[in-house]
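Comments concern the structure below.
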Amino acid sequence: MMDTDYFQHKGINFASIIYSKERFEYLENEFRVYDDDVYIVTYPKSGSTWMIEILSLIRSNGDATWCHKVSSYMRNPWLDATGDGAQVVDGCQSPRFLSSHLPIQFFPKSLFSSKAKVIYTARNPKDVLVSMYHFAHMSYVIKTPHSFDEFMEDFLQGRVPFGSWFDHIKGWLQMTDNNNFLFITYEELKQDHRGTVKKICTFLGKELDEQAIDLVVEHSSFSSMKNNNMCNHSLAPDYILDKKNNNFMRKGISGDWKNYFTQKQQEDMDIVYQEKMKDLNVKFSWDENV
Ligand code: A3P
């Protein structure tokens, strides 16, 4: 498998094939955030694709036609990358729904003086790690790991693209008191898909009847999304994803880390987690398992 080149921006690694310093500098300093924008922000492998689908379905009142005809890249374009993606973002009509993995310190500065809404979706970092480890074997935006142990070390040290999971979540949680910021977890969505969809509707000021909510839930289930080529990333270009032996829609469960971590790896990660998260006074839905 071809390997990946990284460049560093503000101390964080990014793959040169789709990211650039110029784009990051443009986004941070010049990109204009509008008050009616909605941003889906995630650390990679935390449920971005899922959240994009939920938002698209909410916007179309549960009718899946749009989601079956138009790719998720067009419905909810990615802010961060260069190339075609950047063009889609730059040509997007308001109200814009955009996606981003950017750490808060890279985000367009104009967000902080706007009324734009941000939905931040987080996931148990142990499951993020496992999901990213598999993704790294199919994607050219992450270097292929030599071993799970080595990948864990890179993850804990923040050497993977988009940097440290801990810094990412801590950075974005600074917005918790802002009414235009919604914090959701992957685990919450798994445990109460319907209730979480309703919570998102309330945040967006979108009223859907019970039947429409049912449709949003049905069409954003793992099995529906796995079979929808417009969101399962089978349309991603071959220079980004090698889809031959891998499936982006892998397992879609919480707690898969238990199938991968040794006792020692679990203990090591717990120590780092406790240390890095000790100043945060927040209880997470995965806490019993971390
Ligand atoms: P796994 O690799 O653990 O299966 P992202 O979109 O941020 O890259 O996240 C990808 C992860 O979300 C993958 O996790 C993928 O299977 C999971 N996912 C995508 N859609 C989902 C859904 N409808 N329900 C549950 N998990 C989903």
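Each chain of the structure tokens is named A, B, ... in the order shown, its residues numbered from 1; ligands are numbered from 1 in display order.
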Please check which protein, DNA or RNA residues sit within 6 Å of ligand 1, counting only C-alpha atoms and all ligand atoms, and write them as a ChimeraX atom specification.
/A:44-50,131,220-222,225,249-253
Selected residues written out, C-alpha atoms, as a short mmCIF file (atom, residue, chain, number, x, y, z; two decimals), in the first residue's frame:
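Okay, selection-v8.cif is ready:
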data_model
loop_
_atom_site.label_atom_id
_atom_site.label_comp_id
_atom_site.auth_asym_id
_atom_site.auth_seq_id
_atom_site.Cartn_x
_atom_site.Cartn_y
_atom_site.Cartn_z
CA PRO A 44 -11.97 11.83 13.09
CA LYS A 45 -13.80 8.50 13.54
CA SER A 46 -16.25 9.87 16.10
CA GLY A 47 -19.47 9.64 14.08
CA SER A 48 -19.13 12.46 11.53
CA THR A 49 -20.74 10.47 8.70
CA TRP A 50 -23.60 9.48 10.99
CA SER A 131 -11.86 2.73 14.38
CA SER A 220 -29.77 6.89 9.69
CA SER A 221 -29.51 3.37 11.15
CA PHE A 222 -26.18 1.60 10.58
CA MET A 225 -26.35 3.83 5.85
CA MET A 249 -19.00 1.31 7.60
CA ARG A 250 -17.11 -1.22 9.68
CA LYS A 251 -18.97 -2.28 12.85
CA GLY A 252 -20.83 0.74 14.15
CA ILE A 253 -20.84 -0.34 17.79
#
Show which residues sit within 12 Å of A:Phe7, as a list in words. Count only C-alpha atoms, and ignore same-chain residues fewer than 6 positions away.
Asn13, Phe14, Ala15, Ser16, Ile17, Ile18, Tyr19, Ser20, Lys21, Glu22, Val141, Ile142, Arg159, Val160, Pro161 and Phe162 of chain A
Could you tell me which of A:Asp35, A:Asp3, A:Asp279, A:Asp167 comes closest to A:Met138 if we count only C-alpha atoms?
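Smallest separation from A:Met138 among the options: A:Asp3.
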Which residues are near A:Asn229? Cut-off 8 Å, only C-alpha atoms, ignore same chain within fewer than 5 positions. Put them as a PDB file with C-alpha atoms, in the first residue's frame.
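Output file out25.pdb follows:
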ATOM      1  CA  HIS A  68     -30.216   8.525  -1.794  1.00  0.00           C
ATOM      2  CA  SER A  71     -23.586  12.360  -1.907  1.00  0.00           C
ATOM      3  CA  SER A 234     -17.886   3.983  -1.635  1.00  0.00           C
ATOM      4  CA  LEU A 235     -17.808   7.108  -3.830  1.00  0.00           C
TER       5      LEU A 235
END
Best match for closeness to A:Ala116 among A:Asp36, A:Asp238, A:Glu188, A:Asp268, counting only C-alpha atoms
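The closest residue to A:Ala116 is A:Asp36.
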Test item: residues at most 12 Å from A:Val128, only C-alpha atoms, excluding those fewer than 5 positions along its chain, as a ChimeraX atom specification
/A:42-48,121-123,133-136,151-152,155-156,160,164-166,185-187,252-257,286
Point out the residue among A:Ser56, A:Thr4, A:Gln263, A:Thr144 with the least atom-to-atom distance to A:Met132, counting only C-alpha atoms.
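Smallest separation from A:Met132 among the options: A:Thr144.
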Taking the backbone alone, and naming residues the way the document does, which bits of stretch 121-157 of chain A are helix (DSSP H, G or I) by DSSP, as a PyMOL selection string?
chain A and resi 125-138+148-156
